[in-house]
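Undergrad: Structure file coords.txt (compact mmCIF, C-alpha atoms and all ligand atoms) right here:
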```
# COMPACT_ATOMS: atom_id res chain seq x y z
CA MET A 1 104.28 80.85 79.43
CA THR A 2 107.61 79.04 79.44
CA PRO A 3 110.07 79.89 82.22
CA LEU A 4 113.42 81.28 81.14
CA LEU A 5 115.33 82.42 84.20
CA GLN A 6 114.60 81.60 87.79
CA ALA A 7 116.17 82.79 91.04
CA ARG A 8 115.81 80.75 94.23
CA GLY A 9 116.64 82.09 97.65
CA LEU A 10 119.39 84.50 96.57
CA THR A 11 121.31 86.00 99.46
CA HIS A 12 124.35 88.23 99.23
CA ARG A 13 125.95 90.50 101.83
CA PHE A 14 128.64 93.14 101.48
CA GLY A 15 130.13 93.17 104.97
CA ARG A 16 127.12 93.69 107.22
CA VAL A 17 124.94 95.07 104.42
CA PRO A 18 122.36 92.54 103.17
CA ALA A 19 122.28 93.53 99.47
CA LEU A 20 120.09 90.50 98.69
CA ASP A 21 118.05 88.70 101.31
CA ASP A 22 116.28 85.53 100.17
CA VAL A 23 115.20 86.76 96.74
CA SER A 24 113.26 84.41 94.45
CA LEU A 25 111.72 85.30 91.10
CA LEU A 26 110.75 83.85 87.75
CA LEU A 27 111.18 85.43 84.32
CA ARG A 28 109.28 83.87 81.45
CA ARG A 29 110.18 83.85 77.78
CA HIS A 30 109.29 87.09 75.92
CA GLU A 31 108.48 88.84 79.19
CA ILE A 32 109.71 92.19 80.48
CA LEU A 33 110.23 92.22 84.23
CA ALA A 34 111.23 95.46 85.94
CA ILE A 35 113.10 95.56 89.24
CA VAL A 36 112.29 98.84 90.98
CA GLY A 37 113.29 100.32 94.31
CA GLU A 38 115.17 103.24 95.79
CA SER A 39 118.93 103.63 95.69
CA GLY A 40 120.71 100.92 97.68
CA SER A 41 117.75 98.52 97.66
CA GLY A 42 119.80 95.83 95.89
CA LYS A 43 118.64 96.16 92.28
CA THR A 44 122.06 96.20 90.64
CA THR A 45 123.35 93.42 92.87
CA LEU A 46 120.34 91.33 91.85
CA LEU A 47 120.95 92.03 88.15
CA ASN A 48 124.64 91.14 88.54
CA VAL A 49 123.76 87.84 90.18
CA LEU A 50 121.02 87.00 87.65
CA SER A 51 123.34 87.74 84.73
CA GLY A 52 126.14 85.57 86.10
CA ARG A 53 128.49 88.46 86.85
CA LEU A 54 128.44 87.88 90.59
CA ALA A 55 128.15 84.53 92.37
CA PRO A 56 125.61 84.72 95.22
CA GLN A 57 126.64 83.63 98.70
CA SER A 58 123.60 81.37 98.77
CA GLY A 59 120.73 80.45 96.50
CA ASP A 60 120.92 79.77 92.79
CA VAL A 61 119.95 81.05 89.35
CA LEU A 62 118.47 78.56 86.91
CA PHE A 63 118.54 79.16 83.16
CA HIS A 64 115.87 77.14 81.35
CA ASP A 65 117.44 75.89 78.18
CA GLY A 66 114.89 73.96 76.16
CA SER A 67 113.68 71.29 78.53
CA ALA A 68 116.72 71.46 80.86
CA ALA A 69 116.94 73.90 83.75
CA LEU A 70 120.50 74.08 85.03
CA SER A 71 121.88 76.50 87.59
CA LEU A 72 124.62 78.91 86.49
CA ALA A 73 126.92 77.38 89.12
CA ALA A 74 126.38 73.89 87.67
CA ARG A 75 126.95 75.13 84.11
CA GLY A 76 130.32 76.57 85.08
CA GLU A 77 132.13 79.76 84.17
CA ILE A 78 132.95 78.90 80.55
CA ALA A 79 129.39 77.95 79.66
CA VAL A 80 128.03 81.07 81.37
CA ARG A 81 130.48 83.25 79.46
CA LYS A 82 129.28 81.62 76.25
CA LEU A 83 125.69 82.48 77.16
CA GLN A 84 126.74 86.06 77.93
CA ARG A 85 128.49 86.39 74.55
CA ALA A 86 125.60 85.35 72.36
CA ARG A 87 122.29 84.33 73.89
CA TRP A 88 122.22 86.99 76.59
CA GLY A 89 122.80 90.70 76.31
CA TYR A 90 123.62 93.41 78.85
CA VAL A 91 122.82 97.08 78.41
CA ALA A 92 124.68 99.18 80.98
CA GLN A 93 123.62 102.61 82.18
CA ASP A 94 126.85 104.14 80.88
CA PRO A 95 127.50 103.18 77.24
CA ARG A 96 131.05 104.57 77.54
CA ALA A 97 131.88 101.81 79.99
CA ALA A 98 130.37 99.10 77.77
CA LEU A 99 131.59 100.19 74.33
CA ARG A 100 135.13 100.37 73.01
CA LEU A 101 135.65 104.01 72.20
CA ASP A 102 138.89 103.40 70.27
CA ILE A 103 137.26 101.29 67.55
CA THR A 104 134.59 102.31 65.04
CA ALA A 105 130.84 102.04 65.56
CA GLY A 106 130.77 99.18 63.06
CA GLY A 107 133.67 97.55 64.89
CA ASN A 108 131.78 97.66 68.17
CA ILE A 109 128.84 95.85 66.62
CA GLY A 110 131.03 93.49 64.59
CA GLU A 111 133.14 92.52 67.58
CA ARG A 112 130.20 90.93 69.35
CA LEU A 113 129.17 89.12 66.17
CA MET A 114 132.70 87.75 65.82
CA ALA A 115 132.76 86.73 69.48
CA SER A 116 129.71 84.61 68.77
CA GLY A 117 131.29 82.95 65.74
CA ALA A 118 130.73 85.19 62.67
CA ARG A 119 133.73 85.31 60.33
CA ASN A 120 132.65 86.77 56.96
CA TYR A 121 133.83 90.42 56.91
CA ALA A 122 131.38 91.65 54.25
CA GLU A 123 128.44 90.03 56.03
CA ILE A 124 129.52 91.42 59.40
CA ARG A 125 129.76 94.91 57.90
CA ALA A 126 126.35 94.61 56.23
CA THR A 127 124.78 93.39 59.48
CA ALA A 128 126.41 96.20 61.46
CA SER A 129 125.09 98.71 58.97
CA ARG A 130 121.57 97.27 59.20
CA TRP A 131 121.74 97.49 62.98
CA LEU A 132 122.85 101.11 62.95
CA GLU A 133 119.77 101.83 60.88
CA ALA A 134 117.58 99.83 63.25
CA VAL A 135 118.66 102.05 66.15
CA GLU A 136 118.21 105.20 64.06
CA ILE A 137 121.88 106.01 63.51
CA ASP A 138 122.86 106.98 59.96
CA PRO A 139 124.66 103.90 58.55
CA GLN A 140 127.15 106.30 57.00
CA ARG A 141 128.56 106.62 60.55
CA LEU A 142 129.69 102.98 60.42
CA ASP A 143 133.38 103.89 60.31
CA ASP A 144 133.18 106.76 62.81
CA LEU A 145 134.58 106.45 66.31
CA PRO A 146 131.95 106.41 69.07
CA ARG A 147 133.63 109.36 70.77
CA THR A 148 132.12 111.55 68.03
CA PHE A 149 128.61 110.39 69.06
CA SER A 150 126.18 112.13 71.43
CA GLY A 151 125.12 110.40 74.68
CA GLY A 152 121.85 109.24 73.12
CA MET A 153 123.64 107.89 70.03
CA LEU A 154 126.12 106.05 72.23
CA GLN A 155 123.29 104.37 74.08
CA ARG A 156 121.66 103.42 70.77
CA LEU A 157 124.98 102.01 69.58
CA GLN A 158 125.27 99.95 72.75
CA ILE A 159 121.75 98.61 72.14
CA ALA A 160 122.67 97.68 68.54
CA ALA A 161 125.88 95.98 69.69
CA THR A 162 123.88 94.04 72.28
CA LEU A 163 121.01 92.93 70.06
CA VAL A 164 123.05 92.03 66.96
CA THR A 165 123.54 88.42 68.09
CA ASP A 166 119.77 88.00 68.44
CA PRO A 167 119.83 87.26 72.19
CA GLU A 168 116.80 85.74 73.88
CA LEU A 169 117.40 87.51 77.19
CA VAL A 170 118.65 91.05 77.81
CA PHE A 171 119.63 92.58 81.15
CA MET A 172 119.26 96.35 81.32
CA ASP A 173 120.57 98.51 84.16
CA GLU A 174 118.96 101.98 84.10
CA PRO A 175 119.29 102.12 80.29
CA THR A 176 118.13 105.75 80.12
CA GLY A 177 119.55 106.80 83.48
CA GLY A 178 122.31 109.13 82.33
CA LEU A 179 120.41 110.85 79.51
CA ASP A 180 118.51 114.13 79.13
CA VAL A 181 114.76 113.76 79.52
CA SER A 182 114.08 114.53 75.83
CA VAL A 183 116.60 111.89 74.72
CA GLN A 184 115.24 109.37 77.26
CA ALA A 185 111.79 109.31 75.65
CA ARG A 186 113.22 108.45 72.23
CA ILE A 187 115.42 105.66 73.58
CA LEU A 188 112.54 104.22 75.59
CA ASP A 189 110.39 104.15 72.44
CA LEU A 190 113.19 102.44 70.57
CA ILE A 191 113.71 99.84 73.32
CA ARG A 192 109.98 99.19 73.49
CA SER A 193 109.59 98.61 69.76
CA LEU A 194 112.75 96.48 69.41
CA VAL A 195 111.90 94.34 72.43
CA ARG A 196 108.39 93.63 71.13
CA ARG A 197 109.49 93.05 67.55
CA LEU A 198 112.28 90.66 68.53
CA GLY A 199 110.27 88.91 71.25
CA LEU A 200 113.00 89.44 73.84
CA ALA A 201 112.81 88.65 77.51
CA VAL A 202 114.15 91.58 79.52
CA LEU A 203 115.20 92.08 83.12
CA LEU A 204 115.16 95.81 83.60
CA VAL A 205 116.52 97.66 86.62
CA THR A 206 115.12 101.14 87.10
CA HIS A 207 114.36 103.55 89.89
CA ASP A 208 111.99 105.34 87.50
CA ILE A 209 108.40 104.18 87.88
CA GLY A 210 107.56 105.84 84.53
CA VAL A 211 110.11 103.66 82.74
CA ALA A 212 108.72 100.53 84.42
CA ARG A 213 105.17 101.49 83.49
CA LEU A 214 106.11 102.05 79.87
CA LEU A 215 108.14 98.91 79.33
CA ALA A 216 107.39 96.21 81.86
CA ASP A 217 104.74 93.47 81.90
CA ARG A 218 105.44 92.71 85.53
CA LEU A 219 107.49 94.30 88.24
CA ILE A 220 109.07 93.51 91.54
CA VAL A 221 109.63 96.13 94.20
CA MET A 222 112.78 95.82 96.31
CA ARG A 223 113.66 97.29 99.66
CA HIS A 224 116.73 96.52 101.78
CA GLY A 225 117.53 93.53 99.55
CA ARG A 226 114.08 91.95 99.82
CA ILE A 227 111.13 91.79 97.43
CA VAL A 228 108.30 93.63 99.16
CA GLU A 229 105.74 93.47 96.36
CA HIS A 230 105.41 91.94 92.90
CA GLY A 231 102.76 91.56 90.23
CA LEU A 232 101.49 92.88 86.91
CA THR A 233 102.84 96.38 86.35
CA ASP A 234 99.49 98.13 86.04
CA GLN A 235 98.06 96.30 89.04
CA VAL A 236 100.98 97.09 91.32
CA LEU A 237 101.26 100.72 90.24
CA ASP A 238 97.52 101.45 90.21
CA ASP A 239 96.81 99.64 93.46
CA PRO A 240 100.02 99.28 95.48
CA HIS A 241 99.50 97.22 98.62
CA HIS A 242 102.80 97.72 100.42
CA GLU A 243 103.32 101.07 102.09
CA TYR A 244 106.79 101.37 100.55
CA THR A 245 105.37 100.85 97.04
CA GLN A 246 102.76 103.51 97.74
CA LEU A 247 105.55 105.95 98.61
CA LEU A 248 107.52 104.95 95.49
CA VAL A 249 104.49 105.46 93.26
CA ALA A 250 103.84 108.83 94.86
CA SER A 251 107.50 109.66 94.11
CA VAL A 252 108.07 110.58 97.71
CA LEU A 253 111.23 108.51 97.96
CA PRO A 254 114.51 109.76 96.58
CA ALA A 255 115.90 108.09 93.45
N1 LIG B 301 130.87 96.25 95.83
C1 LIG B 301 130.23 96.61 96.94
N2 LIG B 301 130.87 96.73 98.11
C2 LIG B 301 130.23 97.08 99.24
N3 LIG B 301 128.90 97.33 99.32
C3 LIG B 301 128.21 97.23 98.17
C4 LIG B 301 128.82 96.88 96.93
N4 LIG B 301 127.86 96.86 95.97
C5 LIG B 301 126.71 97.20 96.59
N5 LIG B 301 126.90 97.42 97.90
C6 LIG B 301 125.86 97.77 98.89
O1 LIG B 301 124.80 96.85 98.73
C7 LIG B 301 123.53 97.52 98.82
C8 LIG B 301 122.74 97.32 97.53
O2 LIG B 301 123.42 98.00 96.48
P1 LIG B 301 122.92 98.00 94.96
O3 LIG B 301 123.92 98.75 94.15
O4 LIG B 301 122.60 96.62 94.56
O5 LIG B 301 121.57 98.85 95.07
P2 LIG B 301 120.74 99.58 93.93
O6 LIG B 301 119.33 99.42 94.31
O7 LIG B 301 121.16 99.09 92.60
O8 LIG B 301 121.20 101.09 94.12
P3 LIG B 301 121.39 102.24 92.99
O9 LIG B 301 120.03 102.51 92.43
O10 LIG B 301 121.94 103.38 93.76
O11 LIG B 301 122.36 101.69 91.98
C9 LIG B 301 123.85 98.97 99.12
O12 LIG B 301 123.79 99.17 100.51
C10 LIG B 301 125.27 99.14 98.62
O13 LIG B 301 125.94 100.16 99.33
```
Could you write out this file's structure as structure tokens?
Ligand SMILES: Nc1ncnc2c1ncn2[C@@H]1O[C@H](COP(=O)(O)OP(=O)(O)OP(=O)(O)O)[C@@H](O)[C@H]1O

TA:
Amino acid sequence: MTPLLQARGLTHRFGRVPALDDVSLLLRRHEILAIVGESGSGKTTLLNVLSGRLAPQSGDVLFHDGSAALSLAARGEIAVRKLQRARWGYVAQDPRAALRLDITAGGNIGERLMASGARNYAEIRATASRWLEAVEIDPQRLDDLPRTFSGGMLQRLQIAATLVTDPELVFMDEPTGGLDVSVQARILDLIRSLVRRLGLAVLLVTHDIGVARLLADRLIVMRHGRIVEHGLTDQVLDDPHHEYTQLLVASVLPA
């Protein structure tokens, strides 16, 4: 399968804390890769570096664009921002932090379309309406403010606003983390079906082994900023080799 995003020797420290310590990985097109590990293992730092939100102190991130593989540093800030606006998406754990609560649901979806070049108002509205439906929100809520939405609806709105530009790569940071268990299952089903239908590549951070098992083709296990184990999801979870992974799978470690 074709490579899409590659990390080589990423290292990043906060003071004396090694948040990332020589991390290398490869994400292929249409693949879902989960990054699992306990709190403080470096998952979010890794996602921030991979998505171009944080420059690593050493190492680089290569985005494979057609036949060219250029590092984010070599592409430069403007080009990376352009990728982030259209070809990449980012689903945050807290939709309230990612959405604009003072503009309508349709506006939240339309804004990202406009940021990636769309200009026709009627078409933007029709697309936003279609996307509300795709994430199982009544399209009649198009002109409602997100603050009238439940937590699960807000997360679905964030997913619609992320996927509307048809990205090829989506970063997800604990996308069901803040939700009730009953709501989580529905969102996970939605993510799974959309990701498969659209052929997305996903980098998914989760401390929840169940979420990784449901969604991911492969996973990497992090501890103290290092990858301690990686492989096909079922293989790693059914037959974990590293002692730390065995504890994670047995849910002995705290989230
Ligand atoms: N902005 C920051 N300033 C100082 N230390 C930080 C900062 N961000 C992260 N760290 C530290 O870096 C390490 C890795 O943090 P990170 O948030 O990447 O872990 P995580 O696995 O995502 O944890 P969680 O699941 O709790 O979000 C931790 O020790 C954390 O305290």

Undergrad: Check which residues fall inside 8 Å of ligand LIG 301 (chain B) when counting all atoms listed in the file, and print them as number ranges by chain.

TA: A: 13-15, 17-20, 36-46, 205-207, 222, 224-225, 255

Undergrad: Would you give me, as CSV, each residue of segment 65-124 of chain A having an atom within 8 Å of an atom of segment 154-175 of chain A, along with its shortest atom pair and that distance in Å to one decimal, using all atoms listed in the file and sorting by chain and residue number?

TA:
```
residue,atom,partner,partner_atom,distance
A:Ala86,CA,A:Thr165,CA,5.6
A:Arg87,CA,A:Pro167,CA,4.2
A:Trp88,CA,A:Leu169,CA,4.9
A:Gly89,CA,A:Val170,CA,4.4
A:Tyr90,CA,A:Phe171,CA,4.7
A:Val91,CA,A:Met172,CA,4.7
A:Ala92,CA,A:Asp173,CA,5.2
A:Gln93,CA,A:Pro175,CA,4.7
A:Asp94,CA,A:Gln155,CA,7.7
A:Pro95,CA,A:Gln155,CA,5.4
A:Arg96,CA,A:Leu154,CA,7.4
A:Ala98,CA,A:Gln158,CA,7.2
A:Leu99,CA,A:Gln158,CA,6.5
A:Ala105,CA,A:Leu157,CA,7.1
A:Asn108,CA,A:Ala161,CA,6.3
A:Ile109,CA,A:Ala161,CA,4.3
A:Gly110,CA,A:Ala161,CA,7.7
A:Arg112,CA,A:Ala161,CA,6.7
A:Leu113,CA,A:Thr165,CA,6.0
A:Ser116,CA,A:Thr165,CA,7.3
```

Undergrad: Taking (130.5, 83.2, 90.9) in the file's own coordinates, collect the residues within 9 Å, counting only C-alpha atoms, and hand them back as a PyMOL selection string.

TA: chain A and resi 49+52-57+72-73+76-77

Undergrad: Output requested as a short mmCIF file (atom, residue, chain, number, x, y, z; two decimals), keeping the file's coordinate frame - segment 214-225 of chain A, filled out with N, CA and C atoms.

TA:
```cif
data_model
loop_
_atom_site.label_atom_id
_atom_site.label_comp_id
_atom_site.auth_asym_id
_atom_site.auth_seq_id
_atom_site.Cartn_x
_atom_site.Cartn_y
_atom_site.Cartn_z
N LEU A 214 106.07 102.06 81.33
CA LEU A 214 106.11 102.05 79.87
C LEU A 214 106.55 100.71 79.30
N LEU A 215 107.52 100.08 79.96
CA LEU A 215 108.14 98.91 79.33
C LEU A 215 107.72 97.56 79.90
N ALA A 216 107.42 97.52 81.20
CA ALA A 216 107.39 96.21 81.86
C ALA A 216 106.00 95.56 81.88
N ASP A 217 105.97 94.24 81.71
CA ASP A 217 104.74 93.47 81.90
C ASP A 217 104.48 93.27 83.38
N ARG A 218 105.56 92.94 84.09
CA ARG A 218 105.44 92.71 85.53
C ARG A 218 106.55 93.46 86.23
N LEU A 219 106.38 93.71 87.51
CA LEU A 219 107.49 94.30 88.24
C LEU A 219 107.62 93.73 89.63
N ILE A 220 108.84 93.85 90.14
CA ILE A 220 109.07 93.51 91.54
C ILE A 220 109.61 94.77 92.21
N VAL A 221 109.19 94.96 93.45
CA VAL A 221 109.63 96.13 94.20
C VAL A 221 110.57 95.66 95.29
N MET A 222 111.78 96.24 95.32
CA MET A 222 112.78 95.82 96.31
C MET A 222 113.00 96.88 97.38
N ARG A 223 113.27 96.40 98.57
CA ARG A 223 113.66 97.29 99.66
C ARG A 223 114.60 96.53 100.60
N HIS A 224 115.73 97.15 100.90
CA HIS A 224 116.73 96.52 101.78
C HIS A 224 117.03 95.08 101.35
N GLY A 225 117.14 94.85 100.04
CA GLY A 225 117.53 93.53 99.55
C GLY A 225 116.43 92.50 99.52
#
```
